[in-house]
Amino acid sequence: MATETLPGGTLAMAEDLTVTRVGYGAMQLAGPHVFGPPANRDAAVAVLREAIELGITHIDTSDFYGPHVTNQIIKEALHPYPDELHIVTKVGSYRDVKGGWPRALSPEQLRQAVHDNLIHLGLEALDVVNLRVGGFDSPTPGSIAEPFAALAEMQQEGLIKHLGISTVSAEQIAEAQSIAPIVCVQNFYNLAHRVDDDLIESLAAQGVAYVPYFPLGGFTPLQSDTLERVATRLDTTPMAVALAWLLQRSPNILLIPGTSSVAHLRDNINGAALALSEDELTELNRIG
């Protein structure tokens, strides 16, 4: 499958940064709970190579997946990287010995995280670094100026090409943009969790990409029933409907569904290609 035939086509995030709107999230390549190595490293390598073979040019990762494991597998599978491939990573946390995700937002911690990503991915500069500042699925109020300025400084040094932010509010986005341009925002958003509806429109008007995570997260049983009903009627899966809805929701939305299975990777791409009718969209929109 060539890039131009992937669902949704491509999006230019910046002059030197055009990606397929259907990307790949590499989080599940690590072991259980995103900690330690996978049970089958060869299978993880195969999924990454299949993603590239299918035309995907956007891989989302972080060095705190594993930690280090996912990036090391990406390097093993794909280095030297194709010119058209763009790897987006994130910083702002680390993994403790129990597998927790403590925040790591001091300038020193962020610099170490950027260098860890560079080393484990085998790169001299990172295409995009997202500053992850909120909680598990929602923003944490407060200024993000100090950590974002630390990343902007590393961008000026040439270690980072473009900046993004994750799990943030509209106010925090504006604060970051007063320091340096951003090319993407990565937040929790899906059919059932639509707090960012207005934000997506605002970012689209600015030409900033919006990257939702947890496409099936936070659904109530009633909402799940509605999604299941639509999926059954269309002879497909709830995940396919959720991904297709996101892709049709706004042209600035990028998808990063993750999987450790080649078959599921293909299913996700085929699912995103599902064309939802106006009636189906109306029914699905009632979920949120």
# chains A, B, ... in the order shown; residues from 1 in each chain; ligands from 1

call {"tool": "select_by_dssp", "arguments": {"residues": "range 134-280 of chain A", "states": "strand (DSSP E)", "output": "JSON, numbers by chain"}}
result
{"A": [160, 161, 162, 163, 164, 165, 166, 184, 185, 186, 187, 188, 209, 210, 211, 212, 213]}

call {"tool": "residues_around", "arguments": {"residues": "range 25-41 of chain A", "least_positions_apart": "5", "cutoff": "12 Å", "atoms": "only C-alpha atoms", "output": "PDB file with N, CA and C atoms, in the first residue's frame"}}
result
ATOM      1  N   ALA A  46       8.881  -7.037  13.028  1.00  0.00           N
ATOM      2  CA  ALA A  46       8.066  -7.297  11.838  1.00  0.00           C
ATOM      3  C   ALA A  46       6.931  -6.287  11.696  1.00  0.00           C
ATOM      4  N   VAL A  47       6.318  -5.900  12.809  1.00  0.00           N
ATOM      5  CA  VAL A  47       5.224  -4.921  12.769  1.00  0.00           C
ATOM      6  C   VAL A  47       5.737  -3.582  12.247  1.00  0.00           C
ATOM      7  N   LEU A  48       6.875  -3.141  12.734  1.00  0.00           N
ATOM      8  CA  LEU A  48       7.446  -1.869  12.282  1.00  0.00           C
ATOM      9  C   LEU A  48       7.775  -1.906  10.792  1.00  0.00           C
ATOM     10  N   ALA A  51       4.639  -1.680   8.813  1.00  0.00           N
ATOM     11  CA  ALA A  51       4.098  -0.318   8.804  1.00  0.00           C
ATOM     12  C   ALA A  51       4.748   0.516   7.699  1.00  0.00           C
ATOM     13  N   ILE A  56       3.158   3.907   5.833  1.00  0.00           N
ATOM     14  CA  ILE A  56       3.080   4.806   6.991  1.00  0.00           C
ATOM     15  C   ILE A  56       4.382   5.591   7.128  1.00  0.00           C
ATOM     16  N   THR A  57       4.258   6.910   7.323  1.00  0.00           N
ATOM     17  CA  THR A  57       5.465   7.756   7.464  1.00  0.00           C
ATOM     18  C   THR A  57       5.503   8.495   8.791  1.00  0.00           C
ATOM     19  N   HIS A  58       4.660   8.081   9.746  1.00  0.00           N
ATOM     20  CA  HIS A  58       4.576   8.752  11.051  1.00  0.00           C
ATOM     21  C   HIS A  58       4.566   7.681  12.139  1.00  0.00           C
ATOM     22  N   ILE A  59       5.628   7.612  12.919  1.00  0.00           N
ATOM     23  CA  ILE A  59       5.695   6.689  14.055  1.00  0.00           C
ATOM     24  C   ILE A  59       5.774   7.504  15.332  1.00  0.00           C
ATOM     25  N   ASP A  60       4.900   7.193  16.275  1.00  0.00           N
ATOM     26  CA  ASP A  60       4.877   7.870  17.569  1.00  0.00           C
ATOM     27  C   ASP A  60       5.510   6.958  18.616  1.00  0.00           C
ATOM     28  N   THR A  61       6.444   7.516  19.395  1.00  0.00           N
ATOM     29  CA  THR A  61       7.165   6.697  20.369  1.00  0.00           C
ATOM     30  C   THR A  61       7.577   7.552  21.569  1.00  0.00           C
ATOM     31  N   SER A  62       8.312   6.936  22.477  1.00  0.00           N
ATOM     32  CA  SER A  62       8.987   7.652  23.560  1.00  0.00           C
ATOM     33  C   SER A  62      10.051   6.750  24.143  1.00  0.00           C
ATOM     34  N   ASP A  63      11.109   7.356  24.657  1.00  0.00           N
ATOM     35  CA  ASP A  63      12.157   6.540  25.268  1.00  0.00           C
ATOM     36  C   ASP A  63      11.715   5.993  26.625  1.00  0.00           C
ATOM     37  N   PHE A  64      10.609   6.543  27.197  1.00  0.00           N
ATOM     38  CA  PHE A  64      10.144   5.957  28.456  1.00  0.00           C
ATOM     39  C   PHE A  64       9.203   4.770  28.239  1.00  0.00           C
ATOM     40  N   TYR A  65       9.006   4.345  26.990  1.00  0.00           N
ATOM     41  CA  TYR A  65       8.339   3.079  26.724  1.00  0.00           C
ATOM     42  C   TYR A  65       9.372   1.966  26.877  1.00  0.00           C
ATOM     43  N   GLY A  66       9.239   1.202  27.909  1.00  0.00           N
ATOM     44  CA  GLY A  66      10.181   0.102  28.144  1.00  0.00           C
ATOM     45  C   GLY A  66      10.839   0.119  29.521  1.00  0.00           C
ATOM     46  N   PRO A  67      11.587   1.121  29.933  1.00  0.00           N
ATOM     47  CA  PRO A  67      12.083   2.238  29.132  1.00  0.00           C
ATOM     48  C   PRO A  67      13.162   1.786  28.139  1.00  0.00           C
ATOM     49  N   HIS A  68      13.375   2.608  27.137  1.00  0.00           N
ATOM     50  CA  HIS A  68      14.399   2.436  26.096  1.00  0.00           C
ATOM     51  C   HIS A  68      14.053   1.337  25.077  1.00  0.00           C
ATOM     52  N   VAL A  69      13.269   0.341  25.508  1.00  0.00           N
ATOM     53  CA  VAL A  69      13.055  -0.856  24.693  1.00  0.00           C
ATOM     54  C   VAL A  69      12.450  -0.524  23.335  1.00  0.00           C
ATOM     55  N   THR A  70      11.368   0.254  23.343  1.00  0.00           N
ATOM     56  CA  THR A  70      10.664   0.521  22.088  1.00  0.00           C
ATOM     57  C   THR A  70      11.563   1.244  21.095  1.00  0.00           C
ATOM     58  N   ASN A  71      12.279   2.259  21.551  1.00  0.00           N
ATOM     59  CA  ASN A  71      13.165   2.982  20.637  1.00  0.00           C
ATOM     60  C   ASN A  71      14.284   2.095  20.106  1.00  0.00           C
ATOM     61  N   GLN A  72      14.793   1.213  20.941  1.00  0.00           N
ATOM     62  CA  GLN A  72      15.839   0.303  20.483  1.00  0.00           C
ATOM     63  C   GLN A  72      15.310  -0.649  19.408  1.00  0.00           C
ATOM     64  N   ILE A  73      14.060  -1.078  19.559  1.00  0.00           N
ATOM     65  CA  ILE A  73      13.460  -1.953  18.546  1.00  0.00           C
ATOM     66  C   ILE A  73      13.220  -1.183  17.248  1.00  0.00           C
ATOM     67  N   ILE A  74      12.776   0.072  17.359  1.00  0.00           N
ATOM     68  CA  ILE A  74      12.586   0.903  16.163  1.00  0.00           C
ATOM     69  C   ILE A  74      13.906   1.033  15.403  1.00  0.00           C
ATOM     70  N   GLU A  76      16.515  -0.994  15.541  1.00  0.00           N
ATOM     71  CA  GLU A  76      16.886  -2.303  14.983  1.00  0.00           C
ATOM     72  C   GLU A  76      16.102  -2.600  13.709  1.00  0.00           C
ATOM     73  N   ALA A  77      14.823  -2.245  13.711  1.00  0.00           N
ATOM     74  CA  ALA A  77      13.957  -2.599  12.591  1.00  0.00           C
ATOM     75  C   ALA A  77      14.147  -1.700  11.378  1.00  0.00           C
ATOM     76  N   ILE A  87       9.759  10.301  12.888  1.00  0.00           N
ATOM     77  CA  ILE A  87       9.561   9.700  14.206  1.00  0.00           C
ATOM     78  C   ILE A  87       9.286  10.822  15.205  1.00  0.00           C
ATOM     79  N   VAL A  88       8.139  10.726  15.853  1.00  0.00           N
ATOM     80  CA  VAL A  88       7.720  11.719  16.844  1.00  0.00           C
ATOM     81  C   VAL A  88       7.851  11.088  18.223  1.00  0.00           C
ATOM     82  N   THR A  89       8.550  11.769  19.114  1.00  0.00           N
ATOM     83  CA  THR A  89       8.742  11.211  20.450  1.00  0.00           C
ATOM     84  C   THR A  89       8.201  12.183  21.498  1.00  0.00           C
ATOM     85  N   LYS A  90       8.186  11.746  22.746  1.00  0.00           N
ATOM     86  CA  LYS A  90       7.698  12.619  23.813  1.00  0.00           C
ATOM     87  C   LYS A  90       8.585  12.494  25.040  1.00  0.00           C
ATOM     88  N   TYR A  94       9.474   9.598  33.369  1.00  0.00           N
ATOM     89  CA  TYR A  94      10.439   8.509  33.300  1.00  0.00           C
ATOM     90  C   TYR A  94       9.793   7.296  33.948  1.00  0.00           C
ATOM     91  N   ARG A  95      10.421   6.148  33.862  1.00  0.00           N
ATOM     92  CA  ARG A  95       9.875   4.934  34.471  1.00  0.00           C
ATOM     93  C   ARG A  95      10.684   4.599  35.715  1.00  0.00           C
ATOM     94  N   ASP A  96       9.982   4.424  36.842  1.00  0.00           N
ATOM     95  CA  ASP A  96      10.683   4.009  38.053  1.00  0.00           C
ATOM     96  C   ASP A  96      10.778   2.477  38.086  1.00  0.00           C
ATOM     97  N   VAL A  97      11.438   1.947  39.119  1.00  0.00           N
ATOM     98  CA  VAL A  97      11.720   0.505  39.164  1.00  0.00           C
ATOM     99  C   VAL A  97      10.445  -0.328  39.269  1.00  0.00           C
ATOM    100  N   LYS A  98       9.345   0.281  39.733  1.00  0.00           N
ATOM    101  CA  LYS A  98       8.075  -0.434  39.854  1.00  0.00           C
ATOM    102  C   LYS A  98       7.210  -0.293  38.602  1.00  0.00           C
ATOM    103  N   GLY A  99       7.747   0.401  37.594  1.00  0.00           N
ATOM    104  CA  GLY A  99       6.972   0.595  36.371  1.00  0.00           C
ATOM    105  C   GLY A  99       6.067   1.805  36.407  1.00  0.00           C
ATOM    106  N   GLY A 100       6.212   2.655  37.422  1.00  0.00           N
ATOM    107  CA  GLY A 100       5.429   3.891  37.498  1.00  0.00           C
ATOM    108  C   GLY A 100       5.897   4.909  36.479  1.00  0.00           C
ATOM    109  N   TRP A 101       5.134   6.030  36.393  1.00  0.00           N
ATOM    110  CA  TRP A 101       5.420   7.064  35.401  1.00  0.00           C
ATOM    111  C   TRP A 101       5.594   8.437  36.071  1.00  0.00           C
ATOM    112  N   VAL A 211      -3.461  15.165  17.557  1.00  0.00           N
ATOM    113  CA  VAL A 211      -3.187  13.725  17.582  1.00  0.00           C
ATOM    114  C   VAL A 211      -3.900  13.113  18.788  1.00  0.00           C
ATOM    115  N   PRO A 212      -5.067  12.505  18.581  1.00  0.00           N
ATOM    116  CA  PRO A 212      -5.806  11.932  19.705  1.00  0.00           C
ATOM    117  C   PRO A 212      -5.247  10.583  20.127  1.00  0.00           C
ATOM    118  N   TYR A 213      -5.226  10.338  21.444  1.00  0.00           N
ATOM    119  CA  TYR A 213      -4.873   8.998  21.908  1.00  0.00           C
ATOM    120  C   TYR A 213      -6.060   8.377  22.653  1.00  0.00           C
ATOM    121  N   PHE A 214      -5.990   7.076  22.892  1.00  0.00           N
ATOM    122  CA  PHE A 214      -7.079   6.280  23.479  1.00  0.00           C
ATOM    123  C   PHE A 214      -8.360   6.364  22.637  1.00  0.00           C
ATOM    124  N   PRO A 215      -8.346   5.866  21.396  1.00  0.00           N
ATOM    125  CA  PRO A 215      -9.548   5.957  20.544  1.00  0.00           C
ATOM    126  C   PRO A 215     -10.756   5.218  21.105  1.00  0.00           C
ATOM    127  N   LEU A 254      -4.490  13.427  13.182  1.00  0.00           N
ATOM    128  CA  LEU A 254      -3.589  12.328  12.829  1.00  0.00           C
ATOM    129  C   LEU A 254      -3.876  11.154  13.748  1.00  0.00           C
ATOM    130  N   LEU A 255      -3.888   9.959  13.202  1.00  0.00           N
ATOM    131  CA  LEU A 255      -4.146   8.764  14.000  1.00  0.00           C
ATOM    132  C   LEU A 255      -2.845   8.037  14.320  1.00  0.00           C
ATOM    133  N   ILE A 256      -2.753   7.535  15.571  1.00  0.00           N
ATOM    134  CA  ILE A 256      -1.568   6.750  15.951  1.00  0.00           C
ATOM    135  C   ILE A 256      -1.990   5.469  16.689  1.00  0.00           C
ATOM    136  N   PRO A 257      -2.891   4.660  16.090  1.00  0.00           N
ATOM    137  CA  PRO A 257      -3.268   3.419  16.770  1.00  0.00           C
ATOM    138  C   PRO A 257      -2.060   2.507  16.914  1.00  0.00           C
ATOM    139  N   GLY A 258      -2.001   1.824  18.052  1.00  0.00           N
ATOM    140  CA  GLY A 258      -0.866   0.942  18.301  1.00  0.00           C
ATOM    141  C   GLY A 258      -1.272  -0.512  18.317  1.00  0.00           C
ATOM    142  N   THR A 259      -0.334  -1.370  17.997  1.00  0.00           N
ATOM    143  CA  THR A 259      -0.548  -2.810  18.049  1.00  0.00           C
ATOM    144  C   THR A 259       0.810  -3.493  17.980  1.00  0.00           C
ATOM    145  N   SER A 260       0.844  -4.720  18.494  1.00  0.00           N
ATOM    146  CA  SER A 260       2.072  -5.519  18.355  1.00  0.00           C
ATOM    147  C   SER A 260       1.865  -6.646  17.350  1.00  0.00           C
ATOM    148  N   SER A 261       0.781  -6.545  16.572  1.00  0.00           N
ATOM    149  CA  SER A 261       0.425  -7.601  15.623  1.00  0.00           C
ATOM    150  C   SER A 261       0.329  -7.049  14.211  1.00  0.00           C
ATOM    151  N   VAL A 262       0.955  -7.731  13.254  1.00  0.00           N
ATOM    152  CA  VAL A 262       0.875  -7.321  11.850  1.00  0.00           C
ATOM    153  C   VAL A 262      -0.579  -7.363  11.368  1.00  0.00           C
ATOM    154  N   HIS A 264      -3.347  -6.978  13.126  1.00  0.00           N
ATOM    155  CA  HIS A 264      -4.094  -5.855  13.696  1.00  0.00           C
ATOM    156  C   HIS A 264      -3.681  -4.533  13.065  1.00  0.00           C
ATOM    157  N   LEU A 265      -2.428  -4.417  12.697  1.00  0.00           N
ATOM    158  CA  LEU A 265      -1.964  -3.215  12.005  1.00  0.00           C
ATOM    159  C   LEU A 265      -2.745  -3.029  10.703  1.00  0.00           C
ATOM    160  N   ASN A 268      -6.332  -2.048  11.439  1.00  0.00           N
ATOM    161  CA  ASN A 268      -6.472  -0.638  11.817  1.00  0.00           C
ATOM    162  C   ASN A 268      -6.476   0.272  10.585  1.00  0.00           C
TER     163      ASN A 268
END

call {"tool": "residues_around", "arguments": {"residues": "range 142-145 of chain A", "least_positions_apart": "2", "cutoff": "12 Å", "atoms": "only C-alpha atoms", "output": "PyMOL selection string"}}
result
chain A and resi 92+105-107+131-134+139-140+147-153+165-180

call {"tool": "select_by_dssp", "arguments": {"residues": "range 175-245 of chain A", "states": "helix (DSSP H, G or I)", "output": "VMD selection string"}}
result
chain A and resid 175 to 177 197 to 206 221 to 233 238 to 245

call {"tool": "residues_around", "arguments": {"residues": "Ala205 in chain A", "least_positions_apart": "5", "cutoff": "12 Å", "atoms": "only C-alpha atoms", "output": "PyMOL selection string"}}
result
chain A and resi 198-200+210+250-252

call {"tool": "write_last_selection", "arguments": {"atoms": "N, CA, C and O atoms", "output": "compact mmCIF listing (two decimals), in the first residue's frame"}}
result
# COMPACT_ATOMS: atom_id res chain seq x y z
N ASP A 198 -13.84 22.23 20.51
CA ASP A 198 -13.53 23.60 20.10
C ASP A 198 -12.04 23.78 19.83
O ASP A 198 -11.64 24.50 18.90
N LEU A 199 -11.23 23.11 20.64
CA LEU A 199 -9.78 23.21 20.47
C LEU A 199 -9.34 22.66 19.12
O LEU A 199 -8.46 23.24 18.46
N ILE A 200 -9.93 21.56 18.70
CA ILE A 200 -9.58 20.97 17.41
C ILE A 200 -9.86 21.96 16.28
O ILE A 200 -9.04 22.13 15.37
N TYR A 210 -3.61 17.75 15.30
CA TYR A 210 -4.17 17.26 16.56
C TYR A 210 -4.08 15.74 16.52
O TYR A 210 -4.56 15.11 15.58
N SER A 250 -11.95 15.84 11.46
CA SER A 250 -11.28 17.09 11.09
C SER A 250 -10.03 16.77 10.28
O SER A 250 -9.33 15.80 10.58
N PRO A 251 -9.70 17.59 9.27
CA PRO A 251 -8.55 17.27 8.41
C PRO A 251 -7.20 17.41 9.10
O PRO A 251 -6.19 16.95 8.56
N ASN A 252 -7.17 18.02 10.29
CA ASN A 252 -5.89 18.16 11.00
C ASN A 252 -5.64 17.03 11.99
O ASN A 252 -4.64 17.03 12.71

call {"tool": "decode", "arguments": {"residues": "range 55-71 of chain A", "atoms": "C-alpha atoms", "output": "PDB file, in the first residue's frame"}}
result
ATOM      1  CA  GLY A  55       3.330   3.399   3.444  1.00  0.00           C
ATOM      2  CA  ILE A  56       3.080   4.806   6.991  1.00  0.00           C
ATOM      3  CA  THR A  57       5.465   7.756   7.464  1.00  0.00           C
ATOM      4  CA  HIS A  58       4.576   8.752  11.051  1.00  0.00           C
ATOM      5  CA  ILE A  59       5.695   6.689  14.055  1.00  0.00           C
ATOM      6  CA  ASP A  60       4.877   7.870  17.569  1.00  0.00           C
ATOM      7  CA  THR A  61       7.165   6.697  20.369  1.00  0.00           C
ATOM      8  CA  SER A  62       8.987   7.652  23.560  1.00  0.00           C
ATOM      9  CA  ASP A  63      12.157   6.540  25.268  1.00  0.00           C
ATOM     10  CA  PHE A  64      10.144   5.957  28.456  1.00  0.00           C
ATOM     11  CA  TYR A  65       8.339   3.079  26.724  1.00  0.00           C
ATOM     12  CA  GLY A  66      10.181   0.102  28.144  1.00  0.00           C
ATOM     13  CA  PRO A  67      12.083   2.238  29.132  1.00  0.00           C
ATOM     14  CA  HIS A  68      14.399   2.436  26.096  1.00  0.00           C
ATOM     15  CA  VAL A  69      13.055  -0.856  24.693  1.00  0.00           C
ATOM     16  CA  THR A  70      10.664   0.521  22.088  1.00  0.00           C
ATOM     17  CA  ASN A  71      13.165   2.982  20.637  1.00  0.00           C
TER      18      ASN A  71
END
